file model38.cif (mmCIF, C-alpha atoms)
data_target
loop_
_atom_site.label_atom_id
_atom_site.label_comp_id
_atom_site.auth_asym_id
_atom_site.auth_seq_id
_atom_site.Cartn_x
_atom_site.Cartn_y
_atom_site.Cartn_z
CA MET A 24 21.70 -10.16 -0.26
CA ILE A 25 17.99 -10.92 0.16
CA LYS A 26 15.76 -8.00 -0.85
CA ARG A 27 12.29 -7.77 0.66
CA THR A 28 10.68 -6.03 -2.31
CA THR A 29 7.07 -6.80 -1.32
CA GLU A 30 7.43 -5.29 2.15
CA LEU A 31 9.42 -2.35 0.76
CA LYS A 32 6.58 -1.53 -1.65
CA ARG A 33 4.08 -1.66 1.22
CA LEU A 34 6.12 0.84 3.21
CA GLN A 35 6.56 3.10 0.16
CA LYS A 36 2.81 3.08 -0.46
CA LEU A 37 2.11 4.06 3.14
CA TYR A 38 4.63 6.88 2.89
CA GLU A 39 3.02 8.24 -0.27
CA GLU A 40 -0.50 8.28 1.16
CA ASN A 41 -1.88 11.53 2.50
CA GLY A 42 -1.93 11.89 6.27
CA SER A 43 0.09 10.29 9.03
CA ARG A 44 0.47 6.53 9.33
CA LEU A 45 1.46 4.15 12.14
CA VAL A 46 3.07 0.84 11.14
CA LEU A 47 4.11 -2.21 13.14
CA LEU A 48 7.09 -4.01 11.59
CA TYR A 49 8.16 -7.24 13.22
CA GLY A 50 10.09 -10.40 12.47
CA SER A 51 12.73 -12.74 13.83
CA ASN A 52 16.32 -11.70 14.39
CA ARG A 53 17.19 -13.47 11.11
CA SER A 54 14.49 -11.79 9.02
CA GLU A 55 16.74 -9.08 7.48
CA LYS A 56 14.61 -6.40 9.16
CA SER A 57 17.54 -4.00 9.40
CA GLN A 58 18.31 -4.28 5.69
CA LEU A 59 14.68 -3.51 4.86
CA ILE A 60 14.82 -0.41 7.06
CA ARG A 61 18.04 0.75 5.40
CA ASP A 62 16.56 0.25 1.93
CA PHE A 63 13.44 2.20 2.85
CA CYS A 64 15.27 5.14 4.42
CA LYS A 65 17.39 5.91 1.35
CA GLY A 66 16.60 9.36 -0.01
CA ARG A 67 14.14 10.29 2.74
CA ALA A 68 14.14 12.54 5.79
CA TYR A 69 14.08 10.13 8.70
CA PHE A 70 14.99 9.62 12.31
CA TYR A 71 16.03 6.13 13.34
CA TYR A 72 16.49 5.18 16.96
CA CYS A 73 17.34 1.70 18.26
CA ALA A 74 16.06 1.38 21.81
CA ARG A 75 18.52 -0.07 24.31
CA ASN A 76 18.12 -2.25 27.31
CA ALA A 77 18.31 0.70 29.67
CA SER A 78 16.51 2.43 32.50
CA SER A 79 13.68 4.80 31.55
CA ARG A 80 15.84 7.80 32.36
CA LYS A 81 18.84 6.55 30.39
CA GLN A 82 16.64 5.65 27.41
CA MET A 83 15.24 9.16 27.33
CA GLU A 84 18.70 10.72 27.58
CA LEU A 85 19.98 8.67 24.67
CA LEU A 86 16.99 9.49 22.48
CA LYS A 87 17.08 13.21 23.24
CA HIS A 88 20.83 13.49 22.66
CA GLN A 89 20.59 11.69 19.31
CA ILE A 90 17.80 13.94 18.02
CA GLU A 91 19.58 17.10 19.15
CA SER A 92 22.97 16.13 17.72
CA GLU A 93 21.68 14.83 14.39
CA ASN A 94 19.37 17.80 13.74
CA ASN A 95 21.31 20.62 15.45
CA ILE A 96 18.37 21.59 17.65
CA THR A 97 17.74 22.12 21.34
CA ILE A 98 14.75 20.34 22.82
CA GLU A 99 12.74 21.91 25.64
CA GLY A 100 11.33 19.18 27.84
CA SER A 101 12.39 15.59 28.30
CA GLY A 102 9.42 13.42 27.35
CA TYR A 103 8.92 11.28 24.23
CA THR A 104 6.29 13.70 22.96
CA ASP A 105 8.70 16.65 23.39
CA CYS A 106 11.64 14.90 21.71
CA LEU A 107 9.93 13.20 18.78
CA GLY A 108 7.68 16.20 18.20
CA ALA A 109 10.74 18.46 18.01
CA PHE A 110 12.21 16.29 15.26
CA VAL A 111 8.98 16.40 13.23
CA ARG A 112 8.73 20.18 13.52
CA SER A 113 12.36 20.54 12.38
CA GLN A 114 11.55 18.91 9.04
CA GLY A 115 10.18 20.76 6.04
CA SER A 116 8.17 17.87 4.64
CA LYS A 117 6.71 14.51 5.56
CA SER A 118 9.19 12.66 7.72
CA VAL A 119 9.78 9.12 8.89
CA ILE A 120 10.34 8.10 12.49
CA ILE A 121 11.56 4.56 13.13
CA ILE A 122 11.83 3.26 16.68
CA ASP A 123 13.57 -0.09 16.46
CA GLU A 124 13.18 -2.59 19.30
CA PHE A 125 10.45 -0.30 20.60
CA ALA A 126 9.29 -3.07 22.93
CA ARG A 127 12.18 -2.15 25.22
CA ILE A 128 10.40 1.16 25.77
CA ALA A 129 6.71 0.36 25.47
CA ARG A 130 6.69 -2.63 27.79
CA ARG A 131 8.11 -0.50 30.64
CA GLN A 132 6.82 2.98 29.78
CA PRO A 133 3.16 2.97 28.72
CA GLU A 134 3.31 6.77 28.28
CA PHE A 135 5.35 6.09 25.14
CA TRP A 136 2.03 5.32 23.42
CA ASP A 137 0.80 8.85 24.20
CA ALA A 138 3.68 10.25 22.15
CA VAL A 139 2.94 7.85 19.29
CA ILE A 140 -0.74 8.78 19.24
CA GLU A 141 0.09 12.49 19.21
CA LEU A 142 2.68 12.10 16.47
CA CYS A 143 0.08 10.49 14.23
CA ASP A 144 -2.36 13.36 14.78
CA PRO A 145 -1.34 16.16 12.34
CA LYS A 146 -3.40 18.68 14.31
CA LYS A 147 -1.06 18.15 17.25
CA SER A 148 2.23 17.32 15.55
CA GLY A 149 1.84 19.92 12.79
CA ARG A 150 3.18 17.60 10.06
CA ASP A 151 2.33 14.35 8.33
CA VAL A 152 4.61 11.59 9.59
CA LEU A 153 5.13 7.88 9.03
CA VAL A 154 5.88 6.19 12.34
CA ILE A 155 7.38 2.70 12.12
CA LEU A 156 7.62 0.68 15.32
CA ALA A 157 9.90 -2.30 14.77
CA THR A 158 10.86 -5.24 16.96
CA GLU A 159 12.11 -8.81 17.02
CA GLN A 160 10.25 -9.65 20.25
CA LEU A 161 7.60 -11.87 18.67
CA ILE A 162 6.19 -13.31 21.88
CA TRP A 163 5.61 -9.85 23.34
CA VAL A 164 3.98 -8.52 20.16
CA ARG A 165 1.63 -11.48 19.81
CA LYS A 166 0.74 -12.04 23.44
CA ASP A 167 1.35 -8.90 25.51
CA MET A 168 1.66 -5.75 23.41
CA ASP A 169 -2.01 -4.78 23.61
CA LYS A 170 -1.79 -5.01 27.41
CA SER A 171 0.74 -2.15 27.39
CA TYR A 172 -1.82 0.24 25.88
CA LEU A 173 -3.63 0.56 29.25
CA GLY A 174 -6.84 1.70 27.58
CA ARG A 175 -5.20 3.98 25.02
CA ASN A 176 -6.66 4.00 21.51
CA VAL A 177 -3.69 2.69 19.57
CA ARG A 178 -4.51 1.85 15.95
CA PHE A 179 -1.97 0.55 13.46
CA ASP A 180 -2.59 1.43 9.83
CA ASP A 181 -0.60 -1.65 8.80
CA GLN A 182 1.11 -4.55 10.52
CA ILE A 183 3.93 -6.04 8.49
CA PHE A 184 5.23 -9.40 9.62
CA LEU A 185 8.46 -10.45 7.92
CA HIS A 186 7.61 -13.96 6.82
CA ASP A 187 10.25 -16.46 5.81
CA LEU A 188 10.96 -16.79 2.11
CA SER A 189 8.94 -19.17 -0.03
CA PHE A 190 10.45 -22.19 -1.76
CA LEU A 191 10.36 -20.24 -5.03
CA ASP A 192 12.41 -17.46 -3.40
CA VAL A 193 14.95 -20.04 -2.20
CA VAL A 194 15.18 -21.48 -5.72
CA ARG A 195 15.83 -18.01 -7.13
CA ASN A 196 18.72 -17.56 -4.72
CA LEU A 197 20.22 -20.93 -5.66
CA PRO A 198 20.26 -20.69 -9.47
CA ASP A 199 22.86 -23.45 -9.92
CA TYR A 200 21.00 -26.00 -7.80
CA SER A 201 18.84 -28.82 -9.11
CA VAL A 202 15.25 -28.90 -7.89
CA ALA A 203 16.14 -31.87 -5.67
CA ASP A 204 18.99 -29.96 -4.01
CA ALA A 205 16.77 -26.89 -3.61
CA VAL A 206 14.12 -29.02 -1.88
CA ALA A 207 16.78 -30.46 0.43
CA THR A 208 18.07 -26.97 1.26
CA TYR A 209 14.54 -25.74 1.93
CA GLY A 210 13.87 -28.71 4.20
CA ILE A 211 17.03 -28.04 6.20
CA ILE A 212 17.11 -24.24 6.62
CA GLY A 213 13.67 -23.16 5.38
CA GLY A 214 13.26 -19.66 4.04
CA VAL A 215 15.00 -17.68 6.80
CA PRO A 216 16.69 -14.87 4.82
CA ALA A 217 19.90 -14.82 6.84
CA TYR A 218 20.29 -18.59 6.47
CA VAL A 219 19.67 -18.47 2.71
CA ASP A 220 22.14 -15.60 2.37
CA SER A 221 24.81 -17.68 4.10
CA TRP A 222 24.19 -20.82 2.03
CA ASP A 223 26.84 -21.28 -0.67
CA ALA A 224 25.07 -21.96 -3.96
CA LYS A 225 28.35 -23.22 -5.44
CA SER A 226 28.75 -25.97 -2.83
CA SER A 227 26.77 -29.16 -2.30
CA VAL A 228 24.06 -29.58 0.32
CA ARG A 229 26.39 -31.87 2.26
CA ASP A 230 29.25 -29.35 2.24
CA ASN A 231 26.94 -26.52 3.33
CA VAL A 232 25.57 -28.51 6.26
CA ILE A 233 29.08 -29.44 7.33
CA ARG A 234 30.31 -25.84 7.08
CA MET A 235 27.30 -24.06 8.59
CA VAL A 236 25.83 -26.54 11.06
CA LEU A 237 28.35 -29.21 12.07
CA ASP A 238 31.57 -27.20 12.20
CA GLU A 239 31.89 -25.53 15.62
CA ARG A 240 32.79 -22.28 13.83
CA GLY A 241 29.69 -22.51 11.66
CA PHE A 242 27.01 -19.84 11.42
CA LEU A 243 24.28 -22.19 12.70
CA TYR A 244 26.29 -24.32 15.12
CA LYS A 245 24.94 -22.49 18.20
CA GLU A 246 21.77 -21.11 16.59
CA VAL A 247 19.20 -23.15 18.51
CA GLU A 248 20.92 -22.61 21.84
CA SER A 249 21.18 -18.87 21.21
CA LEU A 250 17.54 -18.51 20.20
CA PHE A 251 16.21 -20.30 23.25
CA ALA A 252 18.53 -18.38 25.58
CA ALA A 253 17.47 -15.04 24.07
CA ASP A 254 13.71 -15.51 23.96
CA LEU A 255 12.74 -18.28 26.37
CA ARG A 256 13.28 -19.18 29.97
CA GLU A 257 14.03 -22.76 30.98
CA PRO A 258 15.60 -23.91 27.70
CA GLU A 259 15.89 -27.41 29.13
CA VAL A 260 12.08 -27.67 29.14
CA TYR A 261 11.80 -26.48 25.57
CA ASP A 262 14.56 -28.83 24.43
CA THR A 263 12.77 -31.75 26.08
CA ILE A 264 9.47 -30.90 24.39
CA MET A 265 11.06 -30.25 21.00
CA SER A 266 13.11 -33.44 21.03
CA SER A 267 9.94 -35.40 21.81
CA MET A 268 8.11 -33.73 18.94
CA ALA A 269 11.00 -34.57 16.60
CA LEU A 270 10.39 -38.24 17.43
CA GLY A 271 6.90 -37.90 15.95
CA LEU A 272 4.89 -37.24 19.11
CA GLU A 273 2.15 -34.89 17.96
CA LYS A 274 -0.55 -34.78 20.62
CA LEU A 275 -0.62 -33.13 24.01
CA ASN A 276 -1.12 -36.39 25.88
CA GLU A 277 1.76 -38.05 24.00
CA LEU A 278 4.06 -35.19 25.02
CA HIS A 279 2.80 -35.43 28.61
CA LEU A 280 3.63 -39.14 28.78
CA ALA A 281 7.02 -38.71 27.13
CA THR A 282 8.23 -35.71 29.16
CA GLY A 283 6.48 -36.12 32.50
CA TYR A 284 5.39 -32.46 32.41
CA SER A 285 1.76 -31.63 33.12
CA ARG A 286 -0.55 -30.99 30.17
CA ALA A 287 -1.17 -27.47 31.44
CA LYS A 288 2.57 -26.71 31.57
CA ILE A 289 3.15 -28.14 28.10
CA SER A 290 0.29 -26.03 26.71
CA VAL A 291 1.91 -22.82 28.00
CA TYR A 292 5.27 -23.72 26.50
CA LEU A 293 3.71 -24.71 23.19
CA LYS A 294 2.01 -21.32 22.99
CA ASN A 295 5.37 -19.59 23.49
CA LEU A 296 6.96 -21.76 20.79
CA ALA A 297 4.05 -20.99 18.47
CA ALA A 298 4.49 -17.25 19.08
CA LEU A 299 8.07 -17.65 17.81
CA ASP A 300 6.87 -19.61 14.75
CA ILE A 301 8.81 -22.64 15.96
CA ILE A 302 5.83 -24.99 16.28
CA GLU A 303 2.27 -24.88 14.98
CA LYS A 304 -1.04 -26.46 15.80
CA VAL A 305 -1.98 -28.38 12.67
CA VAL A 306 -5.66 -28.35 11.74
CA SER A 307 -6.73 -30.92 9.19
CA PHE A 308 -8.44 -29.58 6.07
CA ASP A 309 -12.15 -29.28 6.81
CA THR A 310 -14.00 -31.94 4.80
CA GLY A 311 -17.13 -33.98 5.38
CA GLY A 312 -15.08 -36.72 7.03
CA TRP A 313 -14.30 -34.83 10.21
CA GLU A 314 -14.85 -37.89 12.38
CA ASN A 315 -12.01 -39.67 10.53
CA ALA A 316 -9.54 -36.78 10.86
CA LYS A 317 -6.83 -36.39 13.49
CA LYS A 318 -7.31 -33.52 15.93
CA GLY A 319 -5.09 -31.68 18.42
CA ILE A 320 -1.86 -32.16 16.47
CA TYR A 321 1.30 -30.11 17.06
CA ARG A 322 4.31 -30.11 14.76
CA ILE A 323 7.61 -28.27 14.47
CA SER A 324 7.16 -25.58 11.82
CA ASN A 325 10.63 -24.00 11.86
CA HIS A 326 12.62 -26.02 9.32
CA PHE A 327 16.03 -25.63 10.90
CA MET A 328 14.71 -26.38 14.38
CA ASP A 329 13.09 -29.52 12.97
CA PHE A 330 16.37 -30.53 11.31
CA TRP A 331 18.38 -29.83 14.46
CA PHE A 332 16.18 -31.85 16.77
CA HIS A 333 15.89 -34.69 14.26
CA PHE A 334 19.59 -35.11 13.51
CA ILE A 335 21.84 -33.08 15.82
CA TYR A 336 20.29 -32.97 19.29
CA PRO A 337 20.20 -36.78 19.78
CA HIS A 338 23.90 -37.01 18.86
CA LEU A 339 25.49 -33.92 20.41
CA SER A 340 28.15 -36.05 22.08
CA GLU A 341 29.18 -37.60 18.78
CA LEU A 342 29.19 -34.16 17.12
CA THR A 343 31.95 -33.09 19.48
CA ILE A 344 34.03 -36.26 19.25
CA ILE A 345 34.01 -37.17 15.54
CA GLU A 346 34.76 -35.09 12.47
CA PRO A 347 31.84 -33.18 10.86
CA GLU A 348 32.15 -35.17 7.61
CA GLU A 349 31.83 -38.47 9.44
CA PHE A 350 28.92 -37.14 11.47
CA TYR A 351 27.01 -36.15 8.32
CA ASP A 352 27.62 -39.49 6.61
CA THR A 353 26.70 -41.48 9.71
CA TYR A 354 23.77 -39.63 11.28
CA ILE A 355 22.26 -37.42 8.57
CA ALA A 356 22.71 -38.89 5.10
CA PRO A 357 20.96 -42.26 5.74
CA ARG A 358 17.71 -40.63 6.97
CA LEU A 359 17.68 -37.32 5.13
CA ASP A 360 15.33 -38.39 2.32
CA GLU A 361 12.82 -39.75 4.84
CA TYR A 362 12.97 -36.44 6.72
CA LEU A 363 12.46 -34.41 3.55
CA ARG A 364 9.13 -36.09 2.66
CA ARG A 365 7.18 -33.57 4.69
CA TYR A 366 8.84 -30.59 3.05
CA PHE A 367 8.29 -31.96 -0.44
CA VAL A 368 4.56 -31.81 0.38
CA ASP A 369 4.96 -28.09 1.15
CA VAL A 370 6.79 -27.56 -2.14
CA CYS A 371 4.00 -29.30 -4.07
CA LYS A 372 1.35 -27.17 -2.35
CA GLU A 373 3.28 -24.03 -3.28
CA TYR A 374 3.50 -25.26 -6.89
CA LEU A 375 -0.26 -25.79 -7.01
CA ALA A 376 -0.84 -22.34 -5.51
CA LEU A 377 1.30 -20.81 -8.27
CA LEU A 378 -0.66 -22.71 -10.95
CA ASN A 379 -3.83 -21.40 -9.35
CA MET A 380 -2.57 -17.80 -9.52
CA VAL A 381 -2.11 -18.03 -13.30
CA GLY A 382 -5.43 -19.81 -13.87
CA LYS A 383 -4.04 -23.25 -14.70
CA VAL A 384 -6.14 -25.19 -12.19
CA PRO A 385 -9.66 -26.32 -13.20
CA ILE A 386 -11.11 -24.57 -10.16
CA HIS A 387 -10.10 -21.30 -8.49
CA ILE A 388 -8.60 -22.48 -5.22
CA GLU A 389 -9.49 -20.31 -2.24
CA LYS A 390 -8.30 -22.68 0.48
CA LEU A 391 -5.33 -25.03 0.35
CA GLY A 392 -4.14 -27.51 2.94
CA THR A 393 -3.68 -31.14 4.00
CA TRP A 394 -6.23 -33.66 5.27
CA ILE A 395 -4.72 -35.66 8.12
CA GLY A 396 -6.70 -38.81 8.77
CA LYS A 397 -6.54 -41.34 11.55
CA GLN A 398 -5.64 -44.01 9.00
CA GLY A 399 -4.24 -42.03 6.07
CA THR A 400 -3.32 -38.58 4.75
CA ILE A 401 -4.22 -36.57 1.65
CA ASP A 402 -1.12 -34.44 1.12
CA VAL A 403 -2.78 -31.68 -0.90
CA VAL A 404 -6.40 -30.51 -0.81
CA GLY A 405 -7.64 -27.41 -2.59
CA ARG A 406 -11.19 -26.05 -2.61
CA ASP A 407 -13.03 -23.18 -4.29
CA SER A 408 -15.86 -21.01 -2.95
CA ILE A 409 -18.57 -23.52 -3.89
CA ARG A 410 -16.75 -26.54 -2.44
CA ASN A 411 -15.34 -27.98 -5.66
CA SER A 412 -12.05 -29.69 -4.84
CA VAL A 413 -8.74 -30.91 -6.20
CA VAL A 414 -6.46 -33.30 -4.33
CA GLY A 415 -2.89 -34.51 -4.58
CA VAL A 416 -0.47 -37.06 -3.22
CA THR A 417 3.33 -36.83 -3.22
CA ASN A 418 6.31 -39.14 -3.49
CA TRP A 419 9.77 -37.93 -2.56
CA ASP A 420 12.07 -40.86 -1.77
CA ALA A 421 10.55 -44.01 -3.30
CA PRO A 422 11.85 -45.01 -6.77
CA MET A 423 8.41 -44.25 -8.20
CA LEU A 424 4.88 -43.30 -7.24
CA THR A 425 2.91 -46.53 -7.57
CA TYR A 426 -0.62 -47.38 -8.57
CA ASP A 427 -1.12 -48.80 -5.08
CA ARG A 428 -0.43 -45.34 -3.64
CA TYR A 429 -3.03 -43.92 -6.00
CA GLU A 430 -5.57 -46.49 -4.81
CA GLN A 431 -4.73 -45.60 -1.20
CA LEU A 432 -5.47 -41.97 -2.06
CA ILE A 433 -8.89 -42.97 -3.43
CA SER A 434 -9.57 -44.82 -0.16
CA ASP A 435 -8.44 -41.82 1.89
CA MET A 436 -10.73 -39.57 -0.15
CA LYS A 437 -13.68 -41.78 0.84
CA SER A 438 -12.68 -41.46 4.51
CA ALA A 439 -12.40 -37.69 4.09
CA ARG A 440 -15.71 -37.66 2.16
CA ILE A 441 -14.21 -35.60 -0.60
CA LYS A 442 -14.59 -35.76 -4.37
CA ALA A 443 -12.09 -34.14 -6.71
CA SER A 444 -12.25 -32.52 -10.12
CA VAL A 445 -8.56 -33.34 -10.61
CA ILE A 446 -6.10 -35.60 -8.83
CA TYR A 447 -2.49 -34.41 -8.93
CA LEU A 448 0.21 -37.03 -8.46
CA PHE A 449 3.60 -35.48 -7.59
CA SER A 450 6.78 -37.54 -7.76
CA ALA A 451 10.38 -36.50 -7.36
CA LYS A 452 11.50 -39.54 -9.35
CA ASP A 453 9.11 -41.54 -11.52
CA PHE A 454 5.61 -43.01 -11.94
CA ASP A 455 4.70 -46.59 -12.65
CA ASP A 456 3.38 -47.47 -16.10
CA ARG A 457 -0.24 -47.92 -14.98
CA LEU A 458 -0.35 -44.30 -13.77
CA LYS A 459 1.22 -43.04 -17.00
CA ALA A 460 -1.47 -44.92 -18.93
CA LEU A 461 -4.19 -43.60 -16.64
CA GLU A 462 -3.18 -40.00 -17.33
CA LYS A 463 -3.52 -40.59 -21.08
CA GLU A 464 -7.04 -42.01 -20.94
CA PRO A 465 -9.81 -39.88 -22.50
CA ASP A 466 -11.33 -37.46 -19.98
CA SER A 467 -8.73 -38.48 -17.41
CA HIS A 468 -8.83 -36.48 -14.20
CA VAL A 469 -5.30 -37.54 -13.20
CA VAL A 470 -2.31 -35.20 -13.74
CA LEU A 471 1.25 -36.40 -13.22
CA VAL A 472 3.78 -33.77 -12.07
CA ASP A 473 7.46 -34.70 -12.04
CA MET A 474 10.57 -32.90 -10.84
CA THR A 475 11.21 -31.16 -14.17
CA GLU A 476 7.85 -29.39 -13.98
CA LEU A 477 8.49 -28.34 -10.39
#
call {"tool": "encode", "arguments": {"input": "model38.cif", "output": "structure tokens"}}
result
Amino acid sequence: MIKRTTELKRLQKLYEENGSRLVLLYGSNRSEKSQLIRDFCKGRAYFYYCARNASSRKQMELLKHQIESENNITIEGSGYTDCLGAFVRSQGSKSVIIIDEFARIARRQPEFWDAVIELCDPKKSGRDVLVILATEQLIWVRKDMDKSYLGRNVRFDDQIFLHDLSFLDVVRNLPDYSVADAVATYGIIGGVPAYVDSWDAKSSVRDNVIRMVLDERGFLYKEVESLFAADLREPEVYDTIMSSMALGLEKLNELHLATGYSRAKISVYLKNLAALDIIEKVVSFDTGGWENAKKGIYRISNHFMDFWFHFIYPHLSELTIIEPEEFYDTYIAPRLDEYLRRYFVDVCKEYLALLNMVGKVPIHIEKLGTWIGKQGTIDVVGRDSIRNSVVGVTNWDAPMLTYDRYEQLISDMKSARIKASVIYLFSAKDFDDRLKALEKEPDSHVVLVDMTEL
């Protein structure tokens, strides 16, 4: 079971502070939000209410009945302020109120915010209270929540977004896996806690994909379809856009030509996908060579969505007709290493960030990213506060990282107008002899990083 210790500590700190606090807690439906709430509530006085899809009247009836029955009290009045205030007054010490899926209330009943504001004012509520508003409705939180305030002064003391797990977290949950298998797993399912929890660390990557993704009884077999149906209208439009992006189409005009949808329509749908952390607008690392950098690039950021639209969506007919094992060997295995190149770059950036945290990089990196050029790419770029830089290039699937690739990096650095204190060369397999010799030269600024170090 994945434990969100960082987020749990943040909530505990807020609870221990003097005064009342209002917290927004949000994440996807696979973020293990409920487990975090259960862990936090242990040993505390709390009231937890999961809002339903219900009319305003029915919602209020359900809330009032739950507070009365759980606390053996009778509530005078029938508003949110009356009900939640009654619970707070029934407690002898600081209490916790958690309204889960609160968007089902707040988006239809703006007066809900009046109760929240009053609860967080000890002069009115009479007690210190920690109010946690939780939801999985990411689009609403990021695009429309502030519109529901209607001029009310709503101020969150903390906003906790339940990010996916890092590669390091995935590795920790797969202790028997090689680094190569961990990279493959990360490239396929990412760091979604529920996915990682369901991955069998005793089975191979191939067997896990067959069991979870390709078998019609698998946990992820209907995942993409379910997500789009739950959060997005017109799934056929999103599928069309996503399948085009999986083919490598990265710019708005390319998507317009491939799909036939207007640029304006595509922009709206891309914003919705971005709000769900499914796609992202990629901004090249800011260097002096801005005129040589690509601009206006969109890419799929959700690992499993990327995997699905790369390998499964184009062959859904075959997935139904042939056995899962044959499907994997025919449509996934031959191109999997090519697909994983991108995610190996992410792993190498995370490795460099960890080195930076423990002071093992010649500069203190404050910004880390990728420079995407019109003619070439620098996989890893790090810069400190006074514009000193380090760079890196990666090799995942070739037998070795070659000297020619190093020379291409030097050329790309000229296009990006960037100089580096250190050049990191990452390879999942090997390096050619010229690079090994280069690293050993006196005052060499080249560092080779192989899979064992990762």
call {"tool": "atom_distance", "arguments": {"input": "model38.cif", "atom1": "atom CA of Val202 of chain A", "atom2": "atom CA of Ile388 of chain A"}}
result
24.8 Å
call {"tool": "residues_around", "arguments": {"input": "model38.cif", "residues": "Val368 of chain A", "least_positions_apart": "6", "cutoff": "8 Å", "atoms": "all atoms listed in the file", "output": "short mmCIF file (atom, residue, chain, number, x, y, z; two decimals) with C-alpha atoms, in the coordinates of the input"}}
result
data_model
loop_
_atom_site.label_atom_id
_atom_site.label_comp_id
_atom_site.auth_asym_id
_atom_site.auth_seq_id
_atom_site.Cartn_x
_atom_site.Cartn_y
_atom_site.Cartn_z
CA ASP A 402 -1.12 -34.44 1.12
CA VAL A 403 -2.78 -31.68 -0.90
CA THR A 417 3.33 -36.83 -3.22
#
call {"tool": "atom_distance", "arguments": {"input": "model38.cif", "atom1": "atom CA of Leu142 of chain A", "atom2": "atom CA of Arg130 of chain A"}}
result
19.0 Å
call {"tool": "resolve_selection", "arguments": {"input": "model38.cif", "expression": "the PyMOL selection byres ((chain A and resi 84) around 12)", "output": "NGL selection string"}}
result
:A and (74-75 or 77-83 or 85-91 or 98 or 100-103 or 106)
call {"tool": "atom_distance", "arguments": {"input": "model38.cif", "atom1": "atom CA of Tyr366 of chain A", "atom2": "atom CA of Leu31 of chain A"}}
result
28.3 Å
call {"tool": "resolve_selection", "arguments": {"input": "model38.cif", "expression": "the PyMOL selection byres ((chain A and resi 458-469) around 8)", "output": "list in words"}}
result
Thr425, Tyr426, Ser444, Val445, Ile446, Tyr447, Leu448, Phe454, Asp455, Asp456, Arg457, Val470 and Leu471 of chain A
call {"tool": "resolve_selection", "arguments": {"input": "model38.cif", "expression": "the PyMOL selection byres ((chain A and resi 267) around 10)", "output": "PyMOL selection string"}}
result
chain A and resi 261-266+268-273+277-279+281-282+332-333
call {"tool": "residues_around", "arguments": {"input": "model38.cif", "residues": "Asn231 of chain A", "least_positions_apart": "5", "cutoff": "7 Å", "atoms": "only C-alpha atoms", "output": "list in words"}}
result
Trp222, Asp223 and Ser226 of chain A
call {"tool": "decode", "arguments": {"input": "model38.cif", "residues": "segment 418-427 of chain A", "atoms": "N, CA, C and O atoms", "output": "PDB file, in the first residue's frame"}}
result
ATOM      1  N   ASN A 418      21.114   7.838 -23.578  1.00  0.00           N
ATOM      2  CA  ASN A 418      20.991   6.726 -24.519  1.00  0.00           C
ATOM      3  C   ASN A 418      20.289   5.580 -23.813  1.00  0.00           C
ATOM      4  O   ASN A 418      20.770   5.082 -22.797  1.00  0.00           O
ATOM      5  N   TRP A 419      19.145   5.178 -24.342  1.00  0.00           N
ATOM      6  CA  TRP A 419      18.398   4.088 -23.743  1.00  0.00           C
ATOM      7  C   TRP A 419      18.533   2.786 -24.522  1.00  0.00           C
ATOM      8  O   TRP A 419      18.856   1.746 -23.959  1.00  0.00           O
ATOM      9  N   ASP A 420      18.301   2.806 -25.835  1.00  0.00           N
ATOM     10  CA  ASP A 420      18.143   1.555 -26.562  1.00  0.00           C
ATOM     11  C   ASP A 420      19.292   1.181 -27.487  1.00  0.00           C
ATOM     12  O   ASP A 420      19.376   0.037 -27.928  1.00  0.00           O
ATOM     13  N   ALA A 421      20.192   2.121 -27.798  1.00  0.00           N
ATOM     14  CA  ALA A 421      21.333   1.771 -28.650  1.00  0.00           C
ATOM     15  C   ALA A 421      22.334   0.942 -27.842  1.00  0.00           C
ATOM     16  O   ALA A 421      22.410   1.057 -26.620  1.00  0.00           O
ATOM     17  N   PRO A 422      23.135   0.101 -28.504  1.00  0.00           N
ATOM     18  CA  PRO A 422      24.113  -0.722 -27.779  1.00  0.00           C
ATOM     19  C   PRO A 422      25.082   0.091 -26.932  1.00  0.00           C
ATOM     20  O   PRO A 422      25.541  -0.372 -25.899  1.00  0.00           O
ATOM     21  N   MET A 423      25.380   1.314 -27.381  1.00  0.00           N
ATOM     22  CA  MET A 423      26.260   2.181 -26.600  1.00  0.00           C
ATOM     23  C   MET A 423      26.029   3.630 -26.989  1.00  0.00           C
ATOM     24  O   MET A 423      25.500   3.926 -28.064  1.00  0.00           O
ATOM     25  N   LEU A 424      26.416   4.530 -26.087  1.00  0.00           N
ATOM     26  CA  LEU A 424      26.400   5.954 -26.412  1.00  0.00           C
ATOM     27  C   LEU A 424      27.720   6.250 -27.124  1.00  0.00           C
ATOM     28  O   LEU A 424      28.793   5.982 -26.579  1.00  0.00           O
ATOM     29  N   THR A 425      27.640   6.800 -28.313  1.00  0.00           N
ATOM     30  CA  THR A 425      28.809   6.944 -29.167  1.00  0.00           C
ATOM     31  C   THR A 425      29.437   8.335 -29.071  1.00  0.00           C
ATOM     32  O   THR A 425      28.801   9.290 -28.609  1.00  0.00           O
ATOM     33  N   TYR A 426      30.648   8.416 -29.556  1.00  0.00           N
ATOM     34  CA  TYR A 426      31.337   9.706 -29.606  1.00  0.00           C
ATOM     35  C   TYR A 426      30.621  10.651 -30.571  1.00  0.00           C
ATOM     36  O   TYR A 426      30.594  11.868 -30.353  1.00  0.00           O
ATOM     37  N   ASP A 427      30.038  10.097 -31.625  1.00  0.00           N
ATOM     38  CA  ASP A 427      29.280  10.933 -32.563  1.00  0.00           C
ATOM     39  C   ASP A 427      28.111  11.616 -31.862  1.00  0.00           C
ATOM     40  O   ASP A 427      27.804  12.784 -32.149  1.00  0.00           O
TER      41      ASP A 427
END
